[in-house]
Amino acid sequence: MDADLDTLLTALYVEVDDHIIAGRRGPGRPRRLSDAELACLAVAQVLLGFASERRWLRFARTRLGHLFPYLPHQPGYHKRLKAAAPLLAAVIDHLARQAPCWHDQIRLIDATPLPCGTSRETAKRSDLAGWAGYGYCASHSRFYWGLKLYVIATPDGMPVAWCLASPKIGEREVAAALLAHARRNHALRPGLILIGDKGFAGHEFEQLVTASFRLSLVRPDRRDEVPRHGSIGWIRQWIESIFDTLKGQLSLEEHGARTDLGVYTRTAQRLLAMAAVIWHNWAIGAPDKRSLTAYDH
């Protein structure tokens, strides 16, 4: 297989249609745009950098018309995409399990701010009010209004489990719930090494990770602790580079969603795009598994 967008979308369509959609088909007339095609179209939109759905569909008719015989108008595409949020999450999970990195002994866990508004009026009137909240972004030294994205990933960036949470909730509390969810879905196995940052420091959390989940927690040492692991800055760059890909190349912070389902769907859309690239790069033997260069044009 080649490293180009058409080949990626073709391979992804076959994988989704054969292994995920096959058990979900019901009676009735098939849709003109199948669920497998919808997932591929959502991935292509992110990889090609289109935030506007109207502009994206106009461009797709020219660039990808040979792959998609039928393309809906923007209202139909918008409704189908939001309704397909569980499908996008299922495809992410499936691709993670198919990639060789699933068997890696290391898992990375971290959180990153996901702004959802920049004005006081937005915070008061948004449909996200009550879920989103004010938080502090240490990397940019500023406050923001929105959510936090938590990700458990392999070293090459493949998302194994993820969730969105209010920034008002403590990181360790959300991380514990996410780890429990991952274990229920058999996405974690005993003996793995879990690498996080100083935000996950705490005796109770470490006991939970080691005793309940039977994982080895590795994080940077705090100043008031006996030295154990050091700063591990070079390892911490792995997770930071994953978030940099999501925000810098896949426009995570430019999601433009205004509802809880919209934020979830557009976050899943970007995580799926990254997962699809990593999965395909493993399949073709590309040296840099998270490289998007071959698929962004």
# chains A, B, ... in the order shown; residues from 1 in each chain; ligands from 1
$ select_by_dssp --residues "stretch 65-253 of chain A" --states "strand (DSSP E or B)" --output "ChimeraX atom specification"
/A:106-117,129,132-137,142-153,159-165,193-195,216-218
$ closest_atom_pairs --of "stretch 153-214 of chain A" --to "stretch 240-247 of chain A" --cutoff "12 Å" --atoms "only C-alpha atoms" --output "tab-separated table"
residue	atom	partner	partner_atom	distance
A:Ala153	CA	A:Ile242	CA	8.8
A:Thr154	CA	A:Ile242	CA	10.0
A:Pro155	CA	A:Ile242	CA	9.0
A:Asp156	CA	A:Ile242	CA	8.1
A:Gly157	CA	A:Ile242	CA	5.6
A:Met158	CA	A:Ile242	CA	8.8
A:Pro159	CA	A:Ile242	CA	9.5
A:Gly196	CA	A:Glu240	CA	10.9
A:Asp197	CA	A:Glu240	CA	10.7
$ closest_residue --among "A:Leu188, A:Ile235, A:Arg219, A:Asp260" --to "A:Arg97" --atoms "only C-alpha atoms"
A:Leu188
$ residues_around --residues "A:Ile20" --least-positions-apart "6" --cutoff "12 Å" --atoms "only C-alpha atoms" --output "PDB file with N, CA and C atoms, in the first residue's frame"
ATOM      1  N   LEU A  12      -9.289   2.140   5.073  1.00  0.00           N
ATOM      2  CA  LEU A  12     -10.137   2.386   6.233  1.00  0.00           C
ATOM      3  C   LEU A  12     -11.575   1.972   5.950  1.00  0.00           C
ATOM      4  N   TYR A  13     -12.065   2.259   4.763  1.00  0.00           N
ATOM      5  CA  TYR A  13     -13.436   1.868   4.405  1.00  0.00           C
ATOM      6  C   TYR A  13     -13.621   0.357   4.486  1.00  0.00           C
ATOM      7  N   VAL A  14     -12.670  -0.378   3.936  1.00  0.00           N
ATOM      8  CA  VAL A  14     -12.759  -1.843   3.956  1.00  0.00           C
ATOM      9  C   VAL A  14     -12.729  -2.354   5.396  1.00  0.00           C
ATOM     10  N   ASP A  35     -22.454   4.190   6.499  1.00  0.00           N
ATOM     11  CA  ASP A  35     -21.753   4.596   7.725  1.00  0.00           C
ATOM     12  C   ASP A  35     -20.241   4.495   7.561  1.00  0.00           C
ATOM     13  N   ALA A  36     -19.780   3.487   6.836  1.00  0.00           N
ATOM     14  CA  ALA A  36     -18.341   3.354   6.596  1.00  0.00           C
ATOM     15  C   ALA A  36     -17.820   4.519   5.769  1.00  0.00           C
ATOM     16  N   ALA A  39     -17.605   7.641   8.023  1.00  0.00           N
ATOM     17  CA  ALA A  39     -16.411   7.652   8.872  1.00  0.00           C
ATOM     18  C   ALA A  39     -15.184   8.087   8.070  1.00  0.00           C
ATOM     19  N   PRO A  86     -20.988   7.482  18.391  1.00  0.00           N
ATOM     20  CA  PRO A  86     -20.599   6.161  18.922  1.00  0.00           C
ATOM     21  C   PRO A  86     -19.827   5.326  17.905  1.00  0.00           C
ATOM     22  N   LEU A  87     -20.166   5.472  16.625  1.00  0.00           N
ATOM     23  CA  LEU A  87     -19.440   4.745  15.586  1.00  0.00           C
ATOM     24  C   LEU A  87     -17.995   5.210  15.508  1.00  0.00           C
ATOM     25  N   LEU A  88     -17.767   6.525  15.541  1.00  0.00           N
ATOM     26  CA  LEU A  88     -16.404   7.045  15.484  1.00  0.00           C
ATOM     27  C   LEU A  88     -15.578   6.523  16.658  1.00  0.00           C
ATOM     28  N   ALA A  89     -16.177   6.505  17.855  1.00  0.00           N
ATOM     29  CA  ALA A  89     -15.474   5.981  19.028  1.00  0.00           C
ATOM     30  C   ALA A  89     -15.168   4.499  18.874  1.00  0.00           C
ATOM     31  N   ALA A  90     -16.105   3.753  18.283  1.00  0.00           N
ATOM     32  CA  ALA A  90     -15.887   2.315  18.080  1.00  0.00           C
ATOM     33  C   ALA A  90     -14.767   2.055  17.079  1.00  0.00           C
ATOM     34  N   VAL A  91     -14.673   2.892  16.051  1.00  0.00           N
ATOM     35  CA  VAL A  91     -13.604   2.727  15.057  1.00  0.00           C
ATOM     36  C   VAL A  91     -12.247   3.032  15.676  1.00  0.00           C
ATOM     37  N   ILE A  92     -12.169   4.062  16.512  1.00  0.00           N
ATOM     38  CA  ILE A  92     -10.913   4.366  17.209  1.00  0.00           C
ATOM     39  C   ILE A  92     -10.459   3.159  18.014  1.00  0.00           C
ATOM     40  N   ASP A  93     -11.378   2.591  18.780  1.00  0.00           N
ATOM     41  CA  ASP A  93     -11.051   1.439  19.617  1.00  0.00           C
ATOM     42  C   ASP A  93     -10.607   0.250  18.763  1.00  0.00           C
ATOM     43  N   HIS A  94     -11.286   0.020  17.650  1.00  0.00           N
ATOM     44  CA  HIS A  94     -10.935  -1.108  16.779  1.00  0.00           C
ATOM     45  C   HIS A  94      -9.551  -0.937  16.165  1.00  0.00           C
ATOM     46  N   LEU A  95      -9.261   0.258  15.647  1.00  0.00           N
ATOM     47  CA  LEU A  95      -7.959   0.492  15.024  1.00  0.00           C
ATOM     48  C   LEU A  95      -6.826   0.364  16.039  1.00  0.00           C
TER      49      LEU A  95
END
$ closest_residue --among "A:Tyr134, A:Arg172, A:Ile21, A:Leu71" --to "A:Thr118" --atoms "only C-alpha atoms"
A:Tyr134
$ closest_residue --among "A:Gly202, A:Pro113, A:Arg125, A:Leu48" --to "A:Ala165" --atoms "only C-alpha atoms"
A:Pro113
$ atom_distance --atom1 "atom CA of A:Pro100" --atom2 "atom CA of A:Ile284"
12.2 Å
$ residues_around --residues "stretch 55-58 of chain A" --least-positions-apart "2" --cutoff "9 Å" --atoms "only C-alpha atoms" --output "NGL selection string"
:A and (45 or 48-53 or 60-62 or 71-74 or 77)
$ residues_around --residues "A:Gly256" --least-positions-apart "3" --cutoff "12 Å" --atoms "only C-alpha atoms" --output "ChimeraX atom specification"
/A:50-53,114-118,146,251-253,259-260,262-267
$ atom_distance --atom1 "atom CA of A:Trp279" --atom2 "atom CA of A:Asp104"
14.2 Å
$ closest_residue --among "A:Glu254, A:Glu121, A:Asp110, A:Glu204" --to "A:Val174" --atoms "only C-alpha atoms"
A:Asp110
$ closest_residue --among "A:Ile109, A:Leu192, A:Leu128, A:Ala283" --to "A:Ile152" --atoms "only C-alpha atoms"
A:Ile109
$ atom_distance --atom1 "atom CA of A:Gly199" --atom2 "atom CA of A:Ser216"
16.2 Å
$ closest_residue --among "A:Ala187, A:Met274, A:Leu217, A:Ala96" --to "A:Ala201" --atoms "only C-alpha atoms"
A:Leu217
